[in-house]
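Here the structure is laid out as structure tokens; the discussion comes afterwards.
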There are 2 protein chains.
Amino acid sequence: MTSESGTAVVGTGAPRLRDNELRARAARVIPGGMYGHLNVGALPPEYPQFFRSGQGARVIDVDGREYVDLMCSWGPVILGHRHGAVEAAARAQTNSGDCLNGPSERMVELAERLVEVVSHAQWAMFQKNGTDATTLCVTVARAETGRPRVLVASGAYHGAAPWCTPVLAGTTPQDRANIGYYTYNDLESVRAAMTDEVAAIVVSPFKHDAGFDQELVDVAFAKGLRALCDETGAALILDDVRGGLRLNFGGSWEPIGVEPDLSAWSKAIANGYALAAVLGRDRFRAAATSLFTTGSFWFSSVAMAASLATLSALESEDAVATMRSRGEAFRAGLASQAQRWGFTILQSGPPQMPYVTFAGDVNHKVATAFATAALRHGLYLHPRHNWFVSAAMTDGDLDLALTASDGAFRELRAAASNGR
Amino acid sequence: MTSESGTAVVGTGAPRLRDNELRARAARVIPGGMYGHLNVGALPPEYPQFFRSGQGARVIDVDGREYVDLMCSWGPVILGHRHGAVEAAARAQTNSGDCLNGPSERMVELAERLVEVVSHAQWAMFQKNGTDATTLCVTVARAETGRPRVLVASGAYHGAAPWCTPVLAGTTPQDRANIGYYTYNDLESVRAAMTDEVAAIVVSPFKHDAGFDQELVDVAFAKGLRALCDETGAALILDDVRGGLRLNFGGSWEPIGVEPDLSAWSKAIANGYALAAVLGRDRFRAAATSLFTTGSFWFSSVAMAASLATLSALESEDAVATMRSRGEAFRAGLASQAQRWGFTILQSGPPQMPYVTFAGDVNHKVATAFATAALRHGLYLHPRHNWFVSAAMTDGDLDLALTASDGAFRELRAAASNGR
């Protein structure tokens, strides 16, 4: 791919003048120069902070460097950047109306479609952030059960509100007073944390805590959670914000036959347009009706039109299968490259959301060197967070990604041989 | 204006087949049929639930009825629907990139622009919801001061998170454990609520609680809040989500010479594109850097490009003056119509965000009849919430609005004469 300006180059080479200039300007008017999950402050300086554009499985930074994109905007981009049908649907809706005095019919169509696609869902509500969705799930569960306590897995990420943000600065002890913790895939730890005050158990479809090897869900654990909720009346809340629609066209636990009561969605639901959703069972409908939740842009139609087109394309393109096979091919390539260059790596998680750690790698030092070298060779990865495969990845993208990873392993080997 | 399909009609007349069909479908898949501030469940059945499009100061519902729009999507639309320069900027950015692996340079430009436009601002952070912005202000104040308590005016709306939503269903007592209350414009009540645990005082630029006459801020009250914060080290947080950019091109309290430490923005900041912002003083920069807050779409560029274009147009069109003069003309017209038809009304709030109550009107019964009659005559108002004027209002729109309000007063008078 060539960028629209015709100046894109693959990987490193171009001077990083624009990124550096923008970083200096940002440092003056944005706290810390950047914040949140897109802050590259803790990554090596080779990582670009600012981006210009994306197309398919490629992204281009502000200095015109092009990369095969294996972060996909940290999940939202699932069909690839600027997917034709999604962009056309968004454009058509923009030309009609987006933010009006009421929703458009897109909202009803999307609620109907999600109820059709996700087996446990009997109703839908829409928001803007994944955090909105997880917080609303918890609120609905409390309203239905009249109980305050919520169990989450230690170390799991469920958003950045005071009740769940991974950094405590600016929060109060009361924000966590009703949160209990269990260990993922350890049913005994959930049982030990249960009290008759528990309104809900929140769980991710698999363990994808940043910085750790990923862990697929133990089916007995998932079934045990369902049984525990059935026994106690607590709500089982599946946080499908990160995994939703990448693992399965439908809820992520449908293939293992475990249905949650409530599920939280965002990220990939509209291929990059700002949208989140809560899906729920009828038992929780009255509670969802009783509370007050809203936002100025929660009813806007363009993101909903984009979501409808995203769901259609995911289904018609059999996108989950594509992402899985691309992920498997990339994983197989990495495994053989690691062996060839003499590195012991552990690949974890589903192939659509792969992650790699190096044996004995203290503080992600080797992983960081690997990802940074890959970046120089034209592949965008993150050293401490799971990656995301999109359905737009072509054979050419895969080849380029594996060429880049091979180059990265080679550099690592050379550095190791030089005693660096 | 004629709708793109050519089927728009002003006011009532067309059958409401589409709205009714969509309501029936929504009732099956959306809790309560709709939720949040755009739920028309508590309004008369004449109010459309679903909309099709908007252009300038007009909106069209799903059945093709056209209205002069005095709700402006409850605030976001400030330059009018589908403003040329804003749409062009959004389209250009869409064609480059929106949600990528990092922000685009639009984010830096917008932070710089807001720091330039809003006098107290030395830095900016962006979010998606007004609630994100007010919550982040509170979190930053707590992080800086190390204190937990936050004072808000009784009855004020600062968002729909558990700490501030006006309905308690699904919240816990702990969510409000650190919230104290004062009375708007009553400095003594603030002093009485102060403790050495107070991190922040949150205040709206004027009292715009739904369902009540609005109240402009008493300058001595605003200055007293500033002095109290200076004495105690608490942060003064201005919630400019609803009034921001309509009252003043800059912070809403700049004309009275009172600067907050932190301010929350959303709604009109990008003329309908989903965006929110927190602006702050240097004293709070380190605290803002220390906490973790983020969202999947907080760095997306299209809404930021729209915001840059919105700020330019607001400035170059002198939009605040236009909104004020349109609001004053509408208010003057209403006053003379009310007198002519023999109604005693109270008009309150700034002219850009007008609101009307009727003397002795129990439970908003007369206001509801008035707004519903205005709706039938082609003017969209809300009976229990302040209205919003946009800068797109033409002489023709104003004439049509006043013709509709005159027709509404006439109907009210006829009904009163008939003893209804």
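Ordering of the structure tokens sets the chain letters (A, B, ...); residue numbers start at 1 within each chain; ligands are numbered from 1 in the order shown.
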
What are the residues of chain A that have an atom within 6 Å of an atom of chain B, counting only C-alpha atoms, as a compact mmCIF listing (two decimals) with N, CA and C atoms, in the first residue's frame?
```txt
# COMPACT_ATOMS: atom_id res chain seq x y z
N ALA A 26 2.71 18.49 22.43
CA ALA A 26 1.76 17.80 23.33
C ALA A 26 2.20 17.92 24.78
N VAL A 29 0.61 20.93 26.43
CA VAL A 29 -0.84 21.12 26.58
C VAL A 29 -1.62 19.85 26.94
N ILE A 30 -0.92 18.73 27.11
CA ILE A 30 -1.58 17.47 27.50
C ILE A 30 -0.81 16.89 28.68
N PRO A 31 -1.47 16.58 29.79
CA PRO A 31 -0.75 16.07 30.96
C PRO A 31 0.13 14.85 30.62
N GLY A 32 1.38 14.93 30.96
CA GLY A 32 2.31 13.84 30.68
C GLY A 32 2.62 13.68 29.20
N GLY A 36 -3.52 7.48 29.14
CA GLY A 36 -4.31 6.30 28.78
C GLY A 36 -3.52 5.27 28.00
N LEU A 38 -3.05 4.69 24.93
CA LEU A 38 -2.30 5.06 23.73
C LEU A 38 -1.08 5.93 24.03
N GLN A 49 4.21 8.09 18.48
CA GLN A 49 3.08 8.49 19.32
C GLN A 49 1.87 8.87 18.47
N PHE A 50 2.16 9.40 17.27
CA PHE A 50 1.07 9.98 16.46
C PHE A 50 0.95 9.28 15.11
N PHE A 51 -0.30 9.08 14.69
CA PHE A 51 -0.59 8.37 13.45
C PHE A 51 -1.34 9.25 12.47
N ARG A 52 -1.20 8.91 11.19
CA ARG A 52 -1.85 9.69 10.15
C ARG A 52 -3.07 8.98 9.58
N SER A 53 -2.90 7.68 9.24
CA SER A 53 -3.98 7.01 8.52
C SER A 53 -3.85 5.50 8.61
N GLY A 54 -4.87 4.84 8.12
CA GLY A 54 -4.88 3.39 8.06
C GLY A 54 -5.67 2.93 6.86
N SER A 73 -5.73 -0.68 16.56
CA SER A 73 -6.26 0.37 17.43
C SER A 73 -6.63 -0.18 18.80
N SER A 96 -27.55 11.74 6.32
CA SER A 96 -28.93 11.88 6.78
C SER A 96 -28.90 12.57 8.15
N GLY A 97 -28.57 11.85 9.20
CA GLY A 97 -28.53 12.47 10.51
C GLY A 97 -27.79 11.60 11.49
N CYS A 99 -26.62 12.94 15.36
CA CYS A 99 -27.01 13.30 16.73
C CYS A 99 -28.22 14.22 16.64
N LEU A 100 -29.41 13.68 16.92
CA LEU A 100 -30.67 14.41 16.73
C LEU A 100 -31.44 14.48 18.06
N ASN A 101 -32.68 14.90 18.01
CA ASN A 101 -33.48 14.98 19.25
C ASN A 101 -33.99 13.62 19.70
N GLY A 102 -33.76 12.62 18.95
CA GLY A 102 -34.09 11.25 19.30
C GLY A 102 -33.24 10.35 18.44
N PRO A 103 -33.21 9.06 18.76
CA PRO A 103 -32.46 8.12 17.94
C PRO A 103 -33.11 7.98 16.57
N SER A 104 -32.39 7.39 15.63
CA SER A 104 -32.98 7.05 14.33
C SER A 104 -33.38 5.57 14.37
N VAL A 108 -33.01 0.79 16.59
CA VAL A 108 -33.89 -0.37 16.72
C VAL A 108 -33.34 -1.53 15.90
N ALA A 111 -30.37 -3.01 17.79
CA ALA A 111 -30.79 -3.80 18.96
C ALA A 111 -31.37 -5.14 18.49
N TRP A 123 -32.38 -8.09 25.05
CA TRP A 123 -32.50 -6.63 24.90
C TRP A 123 -31.10 -6.04 24.80
N ALA A 124 -31.06 -4.78 24.35
CA ALA A 124 -29.78 -4.08 24.17
C ALA A 124 -29.90 -2.63 24.61
N ASN A 129 -18.40 4.09 25.67
CA ASN A 129 -17.14 3.51 26.14
C ASN A 129 -17.35 2.08 26.65
N THR A 139 -24.43 -1.95 37.43
CA THR A 139 -25.55 -1.17 37.96
C THR A 139 -26.87 -1.92 37.78
N VAL A 140 -27.05 -2.52 36.61
CA VAL A 140 -28.27 -3.30 36.34
C VAL A 140 -28.34 -4.49 37.31
N ARG A 142 -27.03 -4.77 40.27
CA ARG A 142 -27.36 -4.27 41.62
C ARG A 142 -28.83 -3.89 41.71
N ALA A 143 -29.35 -3.25 40.67
CA ALA A 143 -30.75 -2.82 40.69
C ALA A 143 -31.68 -4.04 40.74
N ALA A 160 -11.83 2.00 33.16
CA ALA A 160 -11.02 3.00 33.86
C ALA A 160 -11.85 3.91 34.77
N VAL A 167 -5.16 1.98 38.33
CA VAL A 167 -4.34 2.90 39.14
C VAL A 167 -5.26 3.58 40.15
N ALA A 169 -4.80 6.30 42.02
CA ALA A 169 -4.73 7.76 42.19
C ALA A 169 -6.08 8.40 41.89
N GLY A 170 -6.55 9.23 42.82
CA GLY A 170 -7.81 9.95 42.61
C GLY A 170 -9.06 9.15 42.94
N GLN A 174 -14.04 4.02 49.27
CA GLN A 174 -15.46 3.71 49.08
C GLN A 174 -15.74 3.23 47.65
N GLY A 272 -14.37 0.55 14.75
CA GLY A 272 -13.62 1.77 15.02
C GLY A 272 -14.48 2.98 15.32
N ALA A 274 -17.23 4.96 17.52
CA ALA A 274 -17.39 4.95 18.98
C ALA A 274 -18.75 4.41 19.39
N ARG A 285 -34.48 -7.00 32.55
CA ARG A 285 -35.06 -5.92 31.75
C ARG A 285 -35.70 -4.85 32.63
N THR A 289 -34.65 -0.92 33.06
CA THR A 289 -35.61 0.15 32.81
C THR A 289 -35.69 1.11 34.00
N LEU A 291 -33.38 2.21 36.12
CA LEU A 291 -32.27 3.12 36.44
C LEU A 291 -32.15 4.22 35.39
N PHE A 292 -31.33 5.21 35.68
CA PHE A 292 -31.13 6.30 34.73
C PHE A 292 -29.68 6.32 34.28
N THR A 293 -29.51 6.10 33.00
CA THR A 293 -28.17 6.14 32.42
C THR A 293 -28.29 6.74 31.04
N THR A 294 -27.37 7.59 30.68
CA THR A 294 -27.46 8.24 29.38
C THR A 294 -26.17 8.97 29.07
N GLY A 295 -26.09 9.48 27.86
CA GLY A 295 -24.96 10.30 27.44
C GLY A 295 -25.38 11.11 26.23
N PHE A 297 -24.22 11.50 23.42
CA PHE A 297 -24.02 10.93 22.08
C PHE A 297 -24.39 9.45 22.01
```

Shell of 9 Å around B:Ala374, only C-alpha atoms, local chain residues under 2 positions omitted, as a PyMOL selection string: chain B and resi 11+369-372+376-381+401+403-409

Go ahead and dump the residues you just picked, N, CA and C atoms, as a PDB file, in the first residue's frame.
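The resulting result.pdb:
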```pdb
ATOM      1  N   GLY B  11     -44.702  20.414  10.811  1.00  0.00           N
ATOM      2  CA  GLY B  11     -45.602  20.109  11.927  1.00  0.00           C
ATOM      3  C   GLY B  11     -46.386  18.835  11.703  1.00  0.00           C
ATOM      4  N   ALA B 369     -48.912  21.123  27.671  1.00  0.00           N
ATOM      5  CA  ALA B 369     -49.909  21.393  26.630  1.00  0.00           C
ATOM      6  C   ALA B 369     -49.366  22.408  25.623  1.00  0.00           C
ATOM      7  N   PHE B 370     -48.652  23.407  26.134  1.00  0.00           N
ATOM      8  CA  PHE B 370     -48.074  24.441  25.260  1.00  0.00           C
ATOM      9  C   PHE B 370     -47.025  23.829  24.321  1.00  0.00           C
ATOM     10  N   ALA B 371     -46.100  23.081  24.873  1.00  0.00           N
ATOM     11  CA  ALA B 371     -45.025  22.506  24.052  1.00  0.00           C
ATOM     12  C   ALA B 371     -45.588  21.517  23.033  1.00  0.00           C
ATOM     13  N   THR B 372     -46.614  20.774  23.433  1.00  0.00           N
ATOM     14  CA  THR B 372     -47.198  19.791  22.521  1.00  0.00           C
ATOM     15  C   THR B 372     -47.949  20.489  21.383  1.00  0.00           C
ATOM     16  N   ARG B 376     -47.145  20.477  17.274  1.00  0.00           N
ATOM     17  CA  ARG B 376     -48.099  20.289  16.167  1.00  0.00           C
ATOM     18  C   ARG B 376     -47.990  21.402  15.134  1.00  0.00           C
ATOM     19  N   HIS B 377     -47.558  22.580  15.595  1.00  0.00           N
ATOM     20  CA  HIS B 377     -47.402  23.710  14.672  1.00  0.00           C
ATOM     21  C   HIS B 377     -45.990  23.782  14.076  1.00  0.00           C
ATOM     22  N   GLY B 378     -45.141  22.803  14.375  1.00  0.00           N
ATOM     23  CA  GLY B 378     -43.839  22.755  13.720  1.00  0.00           C
ATOM     24  C   GLY B 378     -42.683  23.341  14.503  1.00  0.00           C
ATOM     25  N   LEU B 379     -42.801  23.378  15.845  1.00  0.00           N
ATOM     26  CA  LEU B 379     -41.698  23.868  16.681  1.00  0.00           C
ATOM     27  C   LEU B 379     -41.396  22.816  17.740  1.00  0.00           C
ATOM     28  N   TYR B 380     -40.153  22.355  17.787  1.00  0.00           N
ATOM     29  CA  TYR B 380     -39.794  21.313  18.743  1.00  0.00           C
ATOM     30  C   TYR B 380     -39.207  21.939  19.999  1.00  0.00           C
ATOM     31  N   LEU B 381     -39.937  21.828  21.096  1.00  0.00           N
ATOM     32  CA  LEU B 381     -39.538  22.305  22.430  1.00  0.00           C
ATOM     33  C   LEU B 381     -39.686  21.153  23.409  1.00  0.00           C
ATOM     34  N   ALA B 401     -40.968  29.725  14.156  1.00  0.00           N
ATOM     35  CA  ALA B 401     -41.031  29.367  15.576  1.00  0.00           C
ATOM     36  C   ALA B 401     -42.083  30.212  16.289  1.00  0.00           C
ATOM     37  N   THR B 403     -44.623  31.832  14.916  1.00  0.00           N
ATOM     38  CA  THR B 403     -45.963  31.486  14.410  1.00  0.00           C
ATOM     39  C   THR B 403     -46.469  30.240  15.131  1.00  0.00           C
ATOM     40  N   ALA B 404     -45.574  29.289  15.320  1.00  0.00           N
ATOM     41  CA  ALA B 404     -45.957  28.055  16.020  1.00  0.00           C
ATOM     42  C   ALA B 404     -46.294  28.338  17.484  1.00  0.00           C
ATOM     43  N   SER B 405     -45.476  29.147  18.155  1.00  0.00           N
ATOM     44  CA  SER B 405     -45.754  29.421  19.568  1.00  0.00           C
ATOM     45  C   SER B 405     -47.055  30.216  19.695  1.00  0.00           C
ATOM     46  N   ASP B 406     -47.309  31.111  18.727  1.00  0.00           N
ATOM     47  CA  ASP B 406     -48.565  31.869  18.758  1.00  0.00           C
ATOM     48  C   ASP B 406     -49.756  30.913  18.609  1.00  0.00           C
ATOM     49  N   GLY B 407     -49.616  29.983  17.680  1.00  0.00           N
ATOM     50  CA  GLY B 407     -50.672  28.973  17.513  1.00  0.00           C
ATOM     51  C   GLY B 407     -50.868  28.150  18.782  1.00  0.00           C
ATOM     52  N   ALA B 408     -49.773  27.875  19.478  1.00  0.00           N
ATOM     53  CA  ALA B 408     -49.864  27.085  20.712  1.00  0.00           C
ATOM     54  C   ALA B 408     -50.594  27.875  21.801  1.00  0.00           C
ATOM     55  N   PHE B 409     -50.235  29.156  21.954  1.00  0.00           N
ATOM     56  CA  PHE B 409     -50.954  30.002  22.931  1.00  0.00           C
ATOM     57  C   PHE B 409     -52.446  30.069  22.576  1.00  0.00           C
TER      58      PHE B 409
END
```

DSSP-assigned alpha helix (DSSP H) among stretch 221-381 of chain B, expressed as an MDAnalysis selection string: chainID B and resid 221:232 285:290 301:316 319:341 365:376

Written selection (C-alpha atoms) as an mmCIF file, in the first residue's frame:
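Output file part.cif follows:
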```
data_model
loop_
_atom_site.group_PDB
_atom_site.id
_atom_site.type_symbol
_atom_site.label_atom_id
_atom_site.label_comp_id
_atom_site.auth_asym_id
_atom_site.auth_seq_id
_atom_site.Cartn_x
_atom_site.Cartn_y
_atom_site.Cartn_z
ATOM 1 C CA PHE B 221 -21.542 33.647 44.879
ATOM 2 C CA ALA B 222 -19.116 32.713 42.105
ATOM 3 C CA LYS B 223 -16.407 34.938 43.579
ATOM 4 C CA GLY B 224 -17.116 33.513 47.011
ATOM 5 C CA LEU B 225 -16.613 29.965 45.707
ATOM 6 C CA ARG B 226 -13.304 31.007 44.168
ATOM 7 C CA ALA B 227 -12.166 32.605 47.438
ATOM 8 C CA LEU B 228 -13.257 29.567 49.439
ATOM 9 C CA CYS B 229 -11.278 27.262 47.146
ATOM 10 C CA ASP B 230 -8.241 29.544 47.349
ATOM 11 C CA GLU B 231 -8.456 29.488 51.156
ATOM 12 C CA THR B 232 -8.879 25.757 51.502
ATOM 13 C CA ARG B 285 -1.267 18.783 35.796
ATOM 14 C CA ALA B 286 0.815 16.358 37.839
ATOM 15 C CA ALA B 287 -2.314 14.853 39.382
ATOM 16 C CA ALA B 288 -3.872 14.488 35.942
ATOM 17 C CA THR B 289 -0.709 12.691 34.838
ATOM 18 C CA SER B 290 -0.670 10.385 37.869
ATOM 19 C CA SER B 301 -9.548 12.082 15.261
ATOM 20 C CA VAL B 302 -12.806 12.774 13.427
ATOM 21 C CA ALA B 303 -14.550 14.301 16.434
ATOM 22 C CA MET B 304 -11.410 16.349 17.136
ATOM 23 C CA ALA B 305 -11.307 17.639 13.565
ATOM 24 C CA ALA B 306 -15.003 18.505 13.923
ATOM 25 C CA SER B 307 -14.259 20.316 17.166
ATOM 26 C CA LEU B 308 -11.478 22.393 15.589
ATOM 27 C CA ALA B 309 -13.861 23.407 12.797
ATOM 28 C CA THR B 310 -16.617 24.126 15.316
ATOM 29 C CA LEU B 311 -14.369 26.438 17.328
ATOM 30 C CA SER B 312 -13.282 28.260 14.165
ATOM 31 C CA ALA B 313 -16.854 28.734 12.996
ATOM 32 C CA LEU B 314 -18.082 29.805 16.422
ATOM 33 C CA GLU B 315 -15.399 32.477 16.443
ATOM 34 C CA SER B 316 -15.612 33.644 12.824
ATOM 35 C CA ALA B 319 -22.037 32.617 16.951
ATOM 36 C CA VAL B 320 -22.615 33.425 20.617
ATOM 37 C CA ALA B 321 -23.907 36.890 19.668
ATOM 38 C CA THR B 322 -26.153 35.349 17.012
ATOM 39 C CA MET B 323 -27.563 32.805 19.453
ATOM 40 C CA ARG B 324 -28.099 35.492 22.048
ATOM 41 C CA SER B 325 -29.921 37.823 19.665
ATOM 42 C CA ARG B 326 -32.061 35.003 18.245
ATOM 43 C CA GLY B 327 -32.857 33.883 21.767
ATOM 44 C CA GLU B 328 -33.749 37.431 22.796
ATOM 45 C CA ALA B 329 -36.006 37.873 19.773
ATOM 46 C CA PHE B 330 -37.768 34.585 20.477
ATOM 47 C CA ARG B 331 -38.130 35.523 24.135
ATOM 48 C CA ALA B 332 -39.558 38.963 23.264
ATOM 49 C CA GLY B 333 -42.013 37.359 20.856
ATOM 50 C CA LEU B 334 -43.137 34.830 23.486
ATOM 51 C CA ALA B 335 -43.596 37.592 26.047
ATOM 52 C CA SER B 336 -45.854 39.638 23.791
ATOM 53 C CA GLN B 337 -47.784 36.543 22.661
ATOM 54 C CA ALA B 338 -48.339 35.458 26.264
ATOM 55 C CA GLN B 339 -49.631 38.890 27.153
ATOM 56 C CA ARG B 340 -51.904 39.008 24.113
ATOM 57 C CA TRP B 341 -53.404 35.597 24.907
ATOM 58 C CA LYS B 365 -49.501 20.583 32.875
ATOM 59 C CA VAL B 366 -49.836 23.888 31.011
ATOM 60 C CA ALA B 367 -46.208 23.838 29.839
ATOM 61 C CA THR B 368 -46.741 20.350 28.459
ATOM 62 C CA ALA B 369 -49.909 21.393 26.630
ATOM 63 C CA PHE B 370 -48.074 24.441 25.260
ATOM 64 C CA ALA B 371 -45.025 22.506 24.052
ATOM 65 C CA THR B 372 -47.198 19.791 22.521
ATOM 66 C CA ALA B 373 -49.300 22.349 20.670
ATOM 67 C CA ALA B 374 -46.104 24.068 19.467
ATOM 68 C CA LEU B 375 -44.920 20.680 18.223
ATOM 69 C CA ARG B 376 -48.099 20.289 16.167
#
```

Spatial neighbours of A:Pro260, max dist 6 Å, only C-alpha atoms, sep filter under 4 positions, as a PyMOL selection string: chain A and resi 236-238

Using N, CA and C atoms, can you write the selected residues to a file as a PDB file, in the first residue's frame?
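Saved result, selection25.pdb, follows:
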```pdb
ATOM      1  N   LEU A 236     -24.387 -13.271  36.138  1.00  0.00           N
ATOM      2  CA  LEU A 236     -23.109 -13.566  35.493  1.00  0.00           C
ATOM      3  C   LEU A 236     -22.916 -12.536  34.385  1.00  0.00           C
ATOM      4  N   ILE A 237     -21.885 -11.702  34.551  1.00  0.00           N
ATOM      5  CA  ILE A 237     -21.599 -10.628  33.583  1.00  0.00           C
ATOM      6  C   ILE A 237     -20.358 -11.000  32.781  1.00  0.00           C
ATOM      7  N   LEU A 238     -20.528 -11.160  31.467  1.00  0.00           N
ATOM      8  CA  LEU A 238     -19.381 -11.448  30.600  1.00  0.00           C
ATOM      9  C   LEU A 238     -18.869 -10.132  30.028  1.00  0.00           C
TER      10      LEU A 238
END
```

Those of stretch 165-396 of chain A in DSSP strand (DSSP E), formatted as a VMD selection string: chain A and resid 179 to 182 198 to 203 235 to 239 262 to 265 276 to 280 345 to 348 355 to 358 379 to 380

Please dump the current selection as a PDB file, in the first residue's frame; keep C-alpha atoms.
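Output contents, as saved in selection.pdb:
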```
ATOM      1  CA  ILE A 179     -15.731  -5.075  45.047  1.00  0.00           C
ATOM      2  CA  GLY A 180     -14.473  -8.567  45.878  1.00  0.00           C
ATOM      3  CA  TYR A 181     -11.735 -10.495  44.084  1.00  0.00           C
ATOM      4  CA  TYR A 182     -11.249 -14.046  42.847  1.00  0.00           C
ATOM      5  CA  VAL A 198     -23.083 -10.572  45.808  1.00  0.00           C
ATOM      6  CA  ALA A 199     -25.041  -8.978  42.940  1.00  0.00           C
ATOM      7  CA  ALA A 200     -22.756 -10.114  40.135  1.00  0.00           C
ATOM      8  CA  ILE A 201     -19.668 -11.969  39.056  1.00  0.00           C
ATOM      9  CA  VAL A 202     -17.790 -10.169  36.277  1.00  0.00           C
ATOM     10  CA  VAL A 203     -15.588 -12.295  34.047  1.00  0.00           C
ATOM     11  CA  ALA A 235     -25.817 -12.041  37.659  1.00  0.00           C
ATOM     12  CA  LEU A 236     -23.109 -13.566  35.493  1.00  0.00           C
ATOM     13  CA  ILE A 237     -21.599 -10.628  33.583  1.00  0.00           C
ATOM     14  CA  LEU A 238     -19.381 -11.448  30.600  1.00  0.00           C
ATOM     15  CA  ASP A 239     -17.019  -8.584  29.788  1.00  0.00           C
ATOM     16  CA  LEU A 262     -25.502  -9.578  30.984  1.00  0.00           C
ATOM     17  CA  SER A 263     -22.670  -8.851  28.578  1.00  0.00           C
ATOM     18  CA  ALA A 264     -20.604  -5.728  27.912  1.00  0.00           C
ATOM     19  CA  TRP A 265     -19.465  -4.858  24.374  1.00  0.00           C
ATOM     20  CA  ALA A 276     -20.570   0.271  23.315  1.00  0.00           C
ATOM     21  CA  ALA A 277     -23.469  -1.987  24.224  1.00  0.00           C
ATOM     22  CA  VAL A 278     -24.959  -3.895  27.104  1.00  0.00           C
ATOM     23  CA  LEU A 279     -26.924  -7.000  26.196  1.00  0.00           C
ATOM     24  CA  GLY A 280     -29.124  -8.725  28.717  1.00  0.00           C
ATOM     25  CA  ILE A 345       8.903 -18.392  23.403  1.00  0.00           C
ATOM     26  CA  LEU A 346       5.462 -19.000  24.853  1.00  0.00           C
ATOM     27  CA  GLN A 347       2.527 -18.118  22.638  1.00  0.00           C
ATOM     28  CA  SER A 348      -0.756 -17.758  24.478  1.00  0.00           C
ATOM     29  CA  TYR A 355       0.601 -12.793  22.581  1.00  0.00           C
ATOM     30  CA  VAL A 356       4.200 -13.852  22.978  1.00  0.00           C
ATOM     31  CA  THR A 357       6.535 -13.955  25.941  1.00  0.00           C
ATOM     32  CA  PHE A 358      10.162 -15.048  26.009  1.00  0.00           C
ATOM     33  CA  LEU A 379       5.334  -4.600  11.926  1.00  0.00           C
ATOM     34  CA  TYR A 380       3.423  -2.835  14.712  1.00  0.00           C
TER      35      TYR A 380
END
```

From B:Val68, B:Leu412, B:Val117, B:Gly257, residue lying nearest B:Gly396 [only C-alpha atoms]: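 Checking each of B:Val68, B:Leu412, B:Val117, B:Gly257 against B:Gly396, counting only C-alpha atoms, the winner is B:Val68.
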
Point-to-point distance from atom CA of B:Gly243 to atom CA of B:His385, Å rounded to tenths: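 Taking atom CA of B:Gly243 and atom CA of B:His385, their separation equals 13.4 Å.
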